[in-house]
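Structure file input_20.cif (mmCIF, C-alpha atoms and all ligand atoms) follows.
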data_final
#
loop_
_atom_site.label_atom_id
_atom_site.label_comp_id
_atom_site.auth_asym_id
_atom_site.auth_seq_id
_atom_site.Cartn_x
_atom_site.Cartn_y
_atom_site.Cartn_z
CA MET B 1 15.88 7.91 1.12
CA SER B 2 12.30 6.59 1.09
CA ILE B 3 10.89 5.21 -2.16
CA LEU B 4 8.29 8.00 -2.08
CA GLN B 5 11.00 10.65 -2.24
CA MET B 6 12.81 9.02 -5.20
CA PRO B 7 12.22 9.85 -8.84
CA TRP B 8 10.13 7.13 -10.47
CA SER B 9 13.14 5.92 -12.51
CA LYS B 10 14.91 5.01 -9.25
CA ALA B 11 11.84 3.74 -7.39
CA LYS B 12 10.58 1.44 -10.15
CA PRO B 13 13.42 -1.14 -10.09
CA LEU B 14 13.04 -1.45 -6.30
CA LEU B 15 9.29 -1.86 -6.66
CA ASP B 16 9.81 -4.42 -9.45
CA THR B 17 11.85 -6.57 -7.06
CA LEU B 18 9.04 -6.46 -4.52
CA ARG B 19 6.51 -7.25 -7.27
CA SER B 20 8.49 -10.36 -8.25
CA GLU B 21 8.42 -11.54 -4.65
CA VAL B 22 4.65 -11.06 -4.50
CA LYS B 23 4.23 -13.04 -7.74
CA SER B 24 6.35 -15.90 -6.41
CA SER B 25 4.32 -15.97 -3.21
CA GLY B 26 1.08 -16.54 -5.20
CA LEU B 27 -0.64 -13.37 -3.96
CA TRP B 28 -0.47 -11.38 -7.23
CA SER B 29 -3.55 -9.39 -8.38
CA PRO B 30 -5.89 -10.50 -5.58
CA GLN B 31 -8.84 -8.66 -7.20
CA LEU B 32 -8.44 -10.19 -10.65
CA ALA B 33 -10.11 -13.28 -12.14
CA LYS B 34 -8.13 -16.50 -11.78
CA GLU B 35 -7.94 -16.96 -15.59
CA TYR B 36 -5.77 -13.82 -15.65
CA GLY B 37 -3.50 -14.97 -12.86
CA GLY B 38 -5.37 -13.29 -10.01
CA LEU B 39 -6.98 -14.70 -6.87
CA GLY B 40 -10.55 -13.90 -7.97
CA LEU B 41 -11.55 -12.46 -4.59
CA SER B 42 -15.07 -11.05 -4.04
CA ASN B 43 -15.44 -7.32 -3.33
CA GLY B 44 -15.84 -8.08 0.38
CA ASP B 45 -12.75 -10.29 0.57
CA PHE B 46 -10.61 -8.00 -1.57
CA GLY B 47 -11.76 -5.10 0.65
CA LYS B 48 -10.15 -6.82 3.65
CA VAL B 49 -6.92 -7.33 1.70
CA SER B 50 -7.07 -3.73 0.49
CA GLU B 51 -7.12 -2.46 4.07
CA ILE B 52 -3.87 -4.28 4.84
CA LEU B 53 -2.21 -3.14 1.60
CA GLY B 54 -3.39 0.44 2.25
CA MET B 55 -1.16 0.64 5.32
CA SER B 56 1.72 1.24 2.90
CA PRO B 57 1.55 3.81 0.07
CA ILE B 58 3.11 1.19 -2.23
CA GLY B 59 1.03 -1.80 -1.07
CA HIS B 60 -1.49 -1.86 -3.90
CA TYR B 61 1.11 -1.18 -6.57
CA VAL B 62 3.33 -4.00 -5.36
CA PHE B 63 0.40 -6.46 -5.46
CA ASN B 64 -0.77 -5.20 -8.90
CA CYS B 65 -4.16 -4.03 -7.66
CA GLN B 66 -3.52 -0.28 -7.81
CA ALA B 67 -5.85 2.34 -9.23
CA PRO B 68 -6.32 3.11 -12.07
CA ASP B 69 -4.98 -0.19 -13.47
CA ALA B 70 -7.28 -2.35 -11.33
CA GLY B 71 -10.36 -0.52 -12.68
CA ASN B 72 -9.07 -0.72 -16.24
CA MET B 73 -8.48 -4.46 -15.84
CA GLU B 74 -12.11 -4.81 -14.72
CA ILE B 75 -13.32 -2.83 -17.74
CA LEU B 76 -11.25 -4.85 -20.18
CA LEU B 77 -12.33 -8.11 -18.61
CA GLU B 78 -16.01 -7.22 -18.84
CA PHE B 79 -16.20 -5.17 -22.03
CA GLY B 80 -12.99 -5.88 -23.97
CA SER B 81 -12.94 -7.86 -27.21
CA GLU B 82 -10.69 -10.93 -27.34
CA ALA B 83 -8.11 -8.89 -29.27
CA GLN B 84 -8.23 -6.04 -26.70
CA LYS B 85 -7.83 -8.54 -23.87
CA ALA B 86 -4.80 -10.10 -25.55
CA THR B 87 -3.16 -6.74 -26.33
CA TYR B 88 -3.97 -4.76 -23.18
CA LEU B 89 -5.42 -6.90 -20.37
CA GLN B 90 -2.88 -9.70 -20.57
CA PRO B 91 0.26 -7.50 -20.12
CA LEU B 92 -1.58 -5.34 -17.55
CA SER B 93 -2.49 -8.41 -15.51
CA GLU B 94 1.14 -9.55 -15.67
CA GLY B 95 2.31 -6.13 -14.47
CA LYS B 96 4.35 -5.56 -17.63
CA ILE B 97 2.63 -2.29 -18.51
CA ARG B 98 0.63 0.46 -16.79
CA SER B 99 -2.49 2.30 -17.92
CA CYS B 100 -4.63 5.34 -17.09
CA PHE B 101 -8.21 6.57 -17.31
CA SER B 102 -8.74 9.91 -19.05
CA MET B 103 -12.14 11.46 -18.49
CA THR B 104 -12.03 14.76 -16.58
CA GLU B 105 -11.54 18.00 -18.53
CA PRO B 106 -10.26 21.29 -17.09
CA GLU B 107 -12.93 23.29 -18.93
CA ASN B 108 -15.89 21.27 -17.61
CA ALA B 109 -17.26 20.32 -14.20
CA GLY B 110 -16.15 16.75 -13.64
CA SER B 111 -19.07 16.24 -11.24
CA ASN B 112 -21.37 16.46 -14.22
CA PRO B 113 -19.54 14.21 -16.67
CA VAL B 114 -22.09 14.62 -19.46
CA LEU B 115 -20.39 17.99 -19.95
CA MET B 116 -17.52 16.96 -22.16
CA ASN B 117 -15.75 18.47 -25.17
CA THR B 118 -13.47 15.64 -26.25
CA THR B 119 -14.73 14.06 -29.47
CA ALA B 120 -13.97 10.96 -31.52
CA ILE B 121 -15.06 11.28 -35.14
CA LYS B 122 -15.15 8.15 -37.25
CA GLU B 123 -13.16 8.38 -40.48
CA GLY B 124 -13.02 5.10 -42.37
CA ASN B 125 -11.54 2.48 -40.06
CA GLU B 126 -10.28 5.03 -37.57
CA TYR B 127 -11.48 7.36 -34.84
CA VAL B 128 -9.93 10.82 -34.84
CA ILE B 129 -9.77 12.08 -31.26
CA ASN B 130 -9.48 15.71 -30.19
CA GLY B 131 -9.75 16.97 -26.66
CA HIS B 132 -8.16 18.28 -23.49
CA LYS B 133 -8.08 16.22 -20.29
CA TRP B 134 -6.50 16.63 -16.92
CA PHE B 135 -5.99 14.69 -13.71
CA THR B 136 -5.35 11.59 -15.77
CA SER B 137 -3.67 9.75 -12.92
CA SER B 138 -0.50 7.77 -13.64
CA ALA B 139 -0.42 8.69 -17.36
CA ASP B 140 3.31 9.43 -17.14
CA GLY B 141 4.95 6.22 -18.38
CA ALA B 142 1.67 4.40 -18.98
CA ASP B 143 1.26 2.41 -22.19
CA PHE B 144 -2.34 3.29 -22.88
CA ALA B 145 -5.27 5.39 -21.74
CA ILE B 146 -8.93 4.53 -21.73
CA VAL B 147 -10.32 7.86 -22.97
CA MET B 148 -13.90 9.01 -22.50
CA VAL B 149 -15.07 10.76 -25.67
CA ILE B 150 -18.23 12.05 -27.31
CA THR B 151 -19.09 9.88 -30.30
CA ASP B 152 -22.65 11.08 -30.94
CA ARG B 153 -23.49 14.59 -29.81
CA THR B 154 -26.98 14.33 -31.33
CA ASN B 155 -28.19 11.41 -29.20
CA ILE B 156 -31.28 12.52 -27.31
CA SER B 157 -29.93 11.04 -24.08
CA PRO B 158 -26.75 12.78 -22.86
CA TYR B 159 -25.83 9.49 -21.17
CA HIS B 160 -25.59 7.74 -24.56
CA ARG B 161 -23.44 10.31 -26.34
CA SER B 162 -20.10 9.09 -25.11
CA SER B 163 -17.89 6.07 -25.54
CA GLN B 164 -14.65 4.71 -24.14
CA ILE B 165 -11.76 4.21 -26.53
CA ILE B 166 -8.34 2.70 -25.90
CA VAL B 167 -5.59 5.10 -26.95
CA PRO B 168 -1.96 3.88 -26.84
CA LEU B 169 -0.03 6.83 -25.42
CA ASN B 170 2.61 6.60 -28.15
CA THR B 171 -0.07 7.51 -30.73
CA ALA B 172 0.84 10.60 -32.77
CA GLY B 173 -1.06 13.60 -31.36
CA VAL B 174 -1.03 12.54 -27.69
CA HIS B 175 0.72 15.33 -25.80
CA ILE B 176 1.34 15.03 -22.08
CA VAL B 177 1.41 18.74 -21.31
CA ARG B 178 2.64 18.37 -17.72
CA ASN B 179 2.38 16.44 -14.53
CA ILE B 180 0.16 18.73 -12.46
CA SER B 181 1.68 20.02 -9.26
CA VAL B 182 -0.61 18.88 -6.42
CA MET B 183 -0.01 20.33 -2.96
CA GLY B 184 3.48 21.35 -4.06
CA ASP B 185 4.44 18.04 -5.66
CA ALA B 186 4.09 17.17 -9.36
CA GLY B 187 5.50 13.67 -8.82
CA ASP B 188 6.32 11.47 -11.77
CA GLY B 189 5.65 8.01 -13.16
CA TYR B 190 2.94 6.12 -11.31
CA PHE B 191 2.70 8.84 -8.66
CA SER B 192 1.47 11.69 -10.88
CA HIS B 193 -1.60 13.25 -12.49
CA SER B 194 -1.23 14.51 -16.06
CA GLU B 195 -2.76 17.17 -18.20
CA ILE B 196 -3.08 15.72 -21.71
CA LYS B 197 -3.99 17.10 -25.11
CA TYR B 198 -5.32 14.70 -27.75
CA GLU B 199 -4.77 16.40 -31.11
CA ASN B 200 -6.00 14.54 -34.18
CA CYS B 201 -5.08 11.19 -32.60
CA ARG B 202 -5.99 8.35 -34.91
CA VAL B 203 -6.78 4.93 -33.48
CA PRO B 204 -8.44 1.93 -35.15
CA VAL B 205 -12.21 1.62 -34.62
CA SER B 206 -11.44 -1.77 -33.07
CA ASN B 207 -10.12 0.20 -30.03
CA LEU B 208 -13.69 1.07 -29.03
CA LEU B 209 -14.76 -0.64 -25.81
CA GLY B 210 -18.20 -2.22 -26.04
CA ASN B 211 -20.53 -0.32 -28.37
CA GLU B 212 -20.69 3.35 -29.29
CA GLY B 213 -22.70 5.17 -26.63
CA ASP B 214 -21.71 2.70 -23.86
CA GLY B 215 -19.25 5.12 -22.22
CA PHE B 216 -21.34 5.82 -19.12
CA THR B 217 -22.58 2.28 -18.71
CA ILE B 218 -18.97 1.11 -18.66
CA ALA B 219 -17.85 3.93 -16.34
CA GLN B 220 -20.71 3.11 -13.99
CA SER B 221 -19.72 -0.55 -13.85
CA ARG B 222 -16.27 0.26 -12.46
CA LEU B 223 -17.41 2.80 -9.89
CA GLY B 224 -18.89 0.48 -7.25
CA PRO B 225 -15.93 -1.89 -6.88
CA GLY B 226 -13.53 1.08 -7.24
CA ARG B 227 -15.14 2.84 -4.29
CA ILE B 228 -14.93 -0.24 -2.08
CA HIS B 229 -11.23 -0.58 -2.99
CA HIS B 230 -10.51 3.11 -2.26
CA CYS B 231 -12.47 3.11 1.01
CA MET B 232 -10.76 0.02 2.39
CA ARG B 233 -7.37 1.40 1.32
CA TRP B 234 -8.23 4.59 3.25
CA ILE B 235 -9.10 2.50 6.30
CA GLY B 236 -5.66 0.92 6.04
CA ILE B 237 -4.14 4.42 6.04
CA CYS B 238 -6.30 5.33 9.05
CA GLU B 239 -5.11 2.27 10.98
CA ARG B 240 -1.46 3.08 10.29
CA ALA B 241 -1.91 6.76 11.22
CA PHE B 242 -3.85 5.75 14.34
CA ASP B 243 -1.09 3.37 15.39
CA MET B 244 1.51 6.11 14.87
CA MET B 245 -0.60 8.54 16.90
CA CYS B 246 -0.92 6.12 19.84
CA ARG B 247 2.78 5.18 19.80
CA TYR B 248 3.80 8.82 19.75
CA ALA B 249 1.33 9.78 22.49
CA VAL B 250 2.80 7.27 24.94
CA SER B 251 6.42 8.01 24.05
CA ARG B 252 6.40 11.82 23.94
CA GLN B 253 7.23 13.25 27.37
CA LEU B 254 5.69 16.65 28.10
CA SER B 255 7.48 16.78 31.45
CA PRO B 256 9.50 14.18 33.36
CA GLY B 257 7.32 11.07 33.77
CA LYS B 258 4.29 12.69 32.08
CA SER B 259 3.47 11.59 28.55
CA LEU B 260 1.24 13.20 25.97
CA ALA B 261 -1.09 10.19 26.34
CA GLU B 262 -2.11 11.43 29.80
CA LYS B 263 -3.77 14.53 28.34
CA GLN B 264 -7.51 14.20 28.00
CA THR B 265 -7.60 15.95 24.63
CA ILE B 266 -5.32 13.31 23.14
CA GLN B 267 -7.36 10.58 24.82
CA ASN B 268 -10.52 12.04 23.25
CA TRP B 269 -8.88 12.01 19.82
CA ILE B 270 -7.78 8.40 20.26
CA ALA B 271 -11.24 7.28 21.36
CA GLU B 272 -13.04 9.24 18.64
CA CYS B 273 -10.70 8.06 15.89
CA ARG B 274 -11.01 4.44 17.05
CA ALA B 275 -14.81 4.67 16.93
CA GLU B 276 -14.80 6.35 13.51
CA ILE B 277 -12.43 3.81 11.96
CA ASN B 278 -14.42 0.87 13.33
CA ALA B 279 -17.68 2.38 12.07
CA ALA B 280 -16.15 3.12 8.67
CA ARG B 281 -14.92 -0.46 8.25
CA LEU B 282 -18.32 -1.93 9.12
CA LEU B 283 -20.03 0.43 6.67
CA VAL B 284 -17.67 -0.54 3.85
CA LEU B 285 -17.93 -4.27 4.49
CA ASP B 286 -21.70 -3.92 4.62
CA ALA B 287 -21.71 -2.10 1.26
CA ALA B 288 -19.32 -4.65 -0.27
CA GLY B 289 -21.44 -7.56 0.98
CA LYS B 290 -24.64 -6.00 -0.42
CA MET B 291 -22.91 -5.36 -3.73
CA ASP B 292 -21.61 -8.93 -3.93
CA ILE B 293 -25.05 -10.37 -3.19
CA ASN B 294 -27.50 -7.93 -4.82
CA GLY B 295 -25.40 -6.10 -7.41
CA GLN B 296 -24.17 -2.54 -7.65
CA GLU B 297 -27.49 -0.87 -8.45
CA LYS B 298 -29.18 -2.14 -5.28
CA ALA B 299 -26.20 -1.09 -3.16
CA LYS B 300 -25.89 2.43 -4.62
CA VAL B 301 -26.95 4.26 -1.44
CA GLU B 302 -24.52 2.28 0.69
CA ILE B 303 -21.75 2.89 -1.85
CA SER B 304 -22.35 6.66 -1.85
CA ILE B 305 -22.48 6.69 1.96
CA ILE B 306 -19.07 5.06 2.30
CA LYS B 307 -17.51 7.30 -0.36
CA PHE B 308 -18.09 10.52 1.58
CA TYR B 309 -18.08 9.08 5.11
CA VAL B 310 -14.77 7.21 4.91
CA ALA B 311 -13.03 10.03 3.00
CA ASN B 312 -13.90 12.37 5.89
CA VAL B 313 -12.83 9.86 8.55
CA LEU B 314 -9.52 9.63 6.70
CA GLN B 315 -9.07 13.42 6.77
CA HIS B 316 -9.96 13.57 10.46
CA VAL B 317 -7.68 10.73 11.55
CA LEU B 318 -4.74 12.07 9.53
CA ASP B 319 -5.27 15.54 10.94
CA LYS B 320 -5.36 14.31 14.54
CA ALA B 321 -2.32 12.07 14.01
CA ILE B 322 -0.39 15.05 12.60
CA GLN B 323 -1.49 17.32 15.45
CA THR B 324 -0.37 14.71 17.99
CA HIS B 325 3.07 14.62 16.37
CA GLY B 326 3.48 18.41 16.57
CA ALA B 327 6.04 19.83 14.15
CA LEU B 328 7.26 16.32 13.35
CA GLY B 329 3.81 15.61 11.88
CA ILE B 330 4.24 18.09 9.04
CA THR B 331 7.77 17.03 8.15
CA ASP B 332 8.44 14.33 5.59
CA ASP B 333 10.20 12.28 8.28
CA THR B 334 6.96 10.33 8.80
CA LEU B 335 4.36 9.14 6.28
CA LEU B 336 1.65 11.38 7.71
CA SER B 337 2.37 14.48 5.67
CA TRP B 338 2.65 12.46 2.43
CA TRP B 339 -0.81 11.02 3.04
CA TYR B 340 -2.19 14.38 4.11
CA ARG B 341 -1.11 15.90 0.78
CA HIS B 342 -1.92 12.96 -1.45
CA GLU B 343 -5.22 11.91 0.09
CA ARG B 344 -6.95 15.29 0.32
CA GLY B 345 -8.22 14.44 -3.14
CA ALA B 346 -10.24 11.55 -1.63
CA ARG B 347 -13.10 13.94 -0.97
CA ILE B 348 -13.08 15.06 -4.62
CA TYR B 349 -12.33 12.17 -6.99
CA ASP B 350 -14.92 9.47 -7.76
CA GLY B 351 -17.55 12.09 -6.94
CA PRO B 352 -17.11 14.97 -4.47
CA ASP B 353 -18.69 14.60 -1.00
CA GLU B 354 -21.55 16.93 -1.89
CA VAL B 355 -22.64 14.90 -4.92
CA HIS B 356 -22.77 11.67 -2.91
CA LYS B 357 -24.60 13.27 0.01
CA SER B 358 -27.16 14.72 -2.36
CA ARG B 359 -27.64 11.31 -4.03
CA VAL B 360 -28.11 9.57 -0.68
CA ALA B 361 -30.62 12.16 0.52
CA ARG B 362 -32.60 12.09 -2.73
CA GLU B 363 -32.91 8.28 -2.56
CA ILE B 364 -34.00 8.42 1.08
CA LEU B 365 -36.52 11.16 0.39
CA LYS B 366 -38.13 9.20 -2.46
CA SER B 367 -40.04 7.07 0.01
CA TYR B 368 -41.37 10.22 1.72
CA THR B 369 -42.68 11.82 -1.46
CA THR B 370 -44.29 8.88 -3.30
C1 LIG I 1 -6.24 12.99 -6.83
C2 LIG I 1 -7.19 12.98 -7.99
C3 LIG I 1 -7.09 11.98 -8.95
C4 LIG I 1 -7.92 12.00 -10.07
N1 LIG I 1 -7.77 11.03 -11.03
C5 LIG I 1 -8.53 11.10 -12.15
C6 LIG I 1 -8.30 10.16 -13.22
O1 LIG I 1 -7.44 9.27 -13.15
N2 LIG I 1 -9.02 10.32 -14.37
C7 LIG I 1 -9.97 11.28 -14.50
O2 LIG I 1 -10.60 11.36 -15.56
N3 LIG I 1 -10.22 12.18 -13.49
C8 LIG I 1 -9.52 12.10 -12.33
N4 LIG I 1 -9.73 13.02 -11.33
C9 LIG I 1 -10.70 14.09 -11.52
C10 LIG I 1 -11.96 13.89 -10.67
O3 LIG I 1 -12.73 12.84 -11.19
C11 LIG I 1 -12.70 15.25 -10.64
O4 LIG I 1 -11.88 16.16 -9.95
C12 LIG I 1 -14.07 15.13 -9.97
O5 LIG I 1 -14.98 14.43 -10.79
C13 LIG I 1 -14.66 16.54 -9.67
O6 LIG I 1 -14.67 17.31 -10.83
P1 LIG I 1 -14.05 18.79 -10.81
O7 LIG I 1 -12.69 18.72 -10.22
O8 LIG I 1 -14.17 19.30 -12.19
O9 LIG I 1 -14.94 19.61 -9.81
P2 LIG I 1 -16.32 20.36 -10.16
O10 LIG I 1 -17.25 19.41 -10.81
O11 LIG I 1 -16.01 21.62 -10.84
O12 LIG I 1 -16.86 20.64 -8.70
C14 LIG I 1 -16.21 21.59 -7.84
C15 LIG I 1 -16.80 21.47 -6.45
O13 LIG I 1 -18.16 21.83 -6.52
C16 LIG I 1 -18.92 21.11 -5.57
N5 LIG I 1 -20.01 20.42 -6.27
C17 LIG I 1 -19.97 19.78 -7.45
N6 LIG I 1 -21.16 19.26 -7.76
C18 LIG I 1 -21.98 19.57 -6.76
C19 LIG I 1 -23.36 19.29 -6.48
N7 LIG I 1 -24.11 18.56 -7.32
N8 LIG I 1 -23.88 19.76 -5.32
C20 LIG I 1 -23.12 20.50 -4.46
N9 LIG I 1 -21.83 20.78 -4.67
C21 LIG I 1 -21.26 20.32 -5.79
C22 LIG I 1 -17.96 20.12 -4.91
O14 LIG I 1 -17.54 20.65 -3.67
C23 LIG I 1 -16.81 20.05 -5.88
O15 LIG I 1 -15.59 19.71 -5.23
C24 LIG I 1 -8.91 13.01 -10.19
C25 LIG I 1 -9.03 13.99 -9.20
C26 LIG I 1 -8.19 13.99 -8.12
C27 LIG I 1 -8.33 15.07 -7.10
#

Would you write out, as structure tokens, the structure that this file holds?
Amino acid sequence: MSILQMPWSKAKPLLDTLRSEVKSSGLWSPQLAKEYGGLGLSNGDFGKVSEILGMSPIGHYVFNCQAPDAGNMEILLEFGSEAQKATYLQPLSEGKIRSCFSMTEPENAGSNPVLMNTTAIKEGNEYVINGHKWFTSSADGADFAIVMVITDRTNISPYHRSSQIIVPLNTAGVHIVRNISVMGDAGDGYFSHSEIKYENCRVPVSNLLGNEGDGFTIAQSRLGPGRIHHCMRWIGICERAFDMMCRYAVSRQLSPGKSLAEKQTIQNWIAECRAEINAARLLVLDAAGKMDINGQEKAKVEISIIKFYVANVLQHVLDKAIQTHGALGITDDTLLSWWYRHERGARIYDGPDEVHKSRVAREILKSYTT
């Protein structure tokens, strides 16, 4: 049975063995600063590693650079107090615990994150948190969540009303309602997305990240690198699916001596997919390079472009690889159907396609209207 078909309790020990091997080989946490045991790679260099790891659904997890932990490590490194780093970043960087990021709410449009109901009210030395979140990826079995909450509803700027607070998931009042069934599969452990209720959860005020009102500034800081990581991981998936498509095309015989690869339609798909993957990679490396040199703000158009462009290339390549495989393509005997189910979300999370396209167009049009 493949690791992906096992319950998390069975998969985890196998993955732990692989993680130990990666640690011994000195390749652990390639994205993380050297002081925390990582390799300290730039966005551009980690992007190239991310492509290779993306060829396996467990690649990033085994190297301890998986979402959402990688993003949370970045947040803690940049905004965490020394005590928060010792309690949360250190064990996360060592792969001893997992974490999650809890922002989206079922009642509000996630594409407009200023719409949020979850609150944290200060009472003495504690915050009391109440709210309802969903699609908190990998919450099942995680040690803590970074929760986006409203701390000051009266602030004139909606972007300064919210904060990020660390909530250990064993805090009284944290209820994981369910792992949400996505495309027929609720998953468990790392491979799941939870609906969570926070009911009168009390955490010390020292669990606040940065200052009150910094929630969006912090969220913004993790978006750029996160998008590069996702996009390069998707390119890794594309390469694997493309390779499977080509291998199958030459091996599948439609009639004696005549393979699928001789059909022009399949040839068109192979040529188009090759061009799209190459273009996608160059776009991502260009965005990563600009971000490394000029910072996230100056690379925001490039980052939005790759987010929607690569997510669509991924959908297209997976679809063509499945079609080439015929009925086999939709079975779970190959990885294609797993990716098809699990990566449809790529066009939705970290900003749906439409939001990024609109942002790109508005930036471009600025120079035509001023
Ligand atoms: C696999 C997956 C993992 C996720 N993991 C996490 C996580 O770990 N933590 C977390 O907090 N959240 C997570 N999310 C939630 C994700 O961030 C939201 O789904 C996303 O922000 C979109 O919000 P929404 O689903 O509420 O869609 P809505 O905001 O309701 O939008 C619905 C649709 O409307 C369209 N739309 C929206 N805005 C515009 C616009 N301006 N112009 C034109 N069309 C528009 C888009 O087509 C969009 O898909 C995850 C989601 C998925 C699918």

**Request:** List the neighbours of stretch 236-249 of chain B out to 10 Å using all atoms listed in the file; skip same-chain residues closer than 6 positions along the sequence, and give me the result as a PyMOL selection string.
**Result:** chain B and resi 48-57+230+259-263+266-267+269-270+273-274+276-278+281+310+313-325+329+334-336+339+343

Let's have the selection written as a compact mmCIF listing (two decimals), keeping the file's coordinate frame, with C-alpha atoms.
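And here is the file that came out, result-v4.txt:
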# COMPACT_ATOMS: atom_id res chain seq x y z
CA LYS B 48 -10.15 -6.82 3.65
CA VAL B 49 -6.92 -7.33 1.70
CA SER B 50 -7.07 -3.73 0.49
CA GLU B 51 -7.12 -2.46 4.07
CA ILE B 52 -3.87 -4.28 4.84
CA LEU B 53 -2.21 -3.14 1.60
CA GLY B 54 -3.39 0.44 2.25
CA MET B 55 -1.16 0.64 5.32
CA SER B 56 1.72 1.24 2.90
CA PRO B 57 1.55 3.81 0.07
CA HIS B 230 -10.51 3.11 -2.26
CA SER B 259 3.47 11.59 28.55
CA LEU B 260 1.24 13.20 25.97
CA ALA B 261 -1.09 10.19 26.34
CA GLU B 262 -2.11 11.43 29.80
CA LYS B 263 -3.77 14.53 28.34
CA ILE B 266 -5.32 13.31 23.14
CA GLN B 267 -7.36 10.58 24.82
CA TRP B 269 -8.88 12.01 19.82
CA ILE B 270 -7.78 8.40 20.26
CA CYS B 273 -10.70 8.06 15.89
CA ARG B 274 -11.01 4.44 17.05
CA GLU B 276 -14.80 6.35 13.51
CA ILE B 277 -12.43 3.81 11.96
CA ASN B 278 -14.42 0.87 13.33
CA ARG B 281 -14.92 -0.46 8.25
CA VAL B 310 -14.77 7.21 4.91
CA VAL B 313 -12.83 9.86 8.55
CA LEU B 314 -9.52 9.63 6.70
CA GLN B 315 -9.07 13.42 6.77
CA HIS B 316 -9.96 13.57 10.46
CA VAL B 317 -7.68 10.73 11.55
CA LEU B 318 -4.74 12.07 9.53
CA ASP B 319 -5.27 15.54 10.94
CA LYS B 320 -5.36 14.31 14.54
CA ALA B 321 -2.32 12.07 14.01
CA ILE B 322 -0.39 15.05 12.60
CA GLN B 323 -1.49 17.32 15.45
CA THR B 324 -0.37 14.71 17.99
CA HIS B 325 3.07 14.62 16.37
CA GLY B 329 3.81 15.61 11.88
CA THR B 334 6.96 10.33 8.80
CA LEU B 335 4.36 9.14 6.28
CA LEU B 336 1.65 11.38 7.71
CA TRP B 339 -0.81 11.02 3.04
CA GLU B 343 -5.22 11.91 0.09

**Asked** So which residues are near ligand LIG 1 (chain I), meaning at most 9 Å away with only C-alpha atoms and all ligand atoms counted, given back as a ChimeraX atom specification?
**Response** /B:67-68,100-113,133-139,147-148,182,192-194,342-359

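Of the residues listed (B:Gly40, B:Gly289, B:Gly184, B:Gly95), B:Gly95 shows the shortest atom-to-atom separation from B:Ala142; distances use all atoms listed in the file.
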
**Asked** In terms of the shortest atom-to-atom distance over only C-alpha atoms, which of B:Ser25, B:Ala11, B:Val360, B:Arg161 is closest to B:Lys307?
**Response** B:Val360

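You will find atom CA of B:Ser29 at 7.3 Å from atom CA of B:Ser93.
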
**Message:** Show me, as JSON, numbers by chain, the residues that have an atom within 9 Å of B:Arg222 when counting only C-alpha atoms, minus same-chain residues fewer than 6 positions from it.
**Reply:** {"B": [71, 72, 74, 75]}

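Here the question is which of B:Asp140, B:Ile228, B:Gly210, B:Leu282 gets nearest to B:Ile180 using only C-alpha atoms, and that residue is B:Asp140.
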
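Pairwise distance (atom CA of B:Phe216, atom CA of B:Ser163) equals 7.3 Å.
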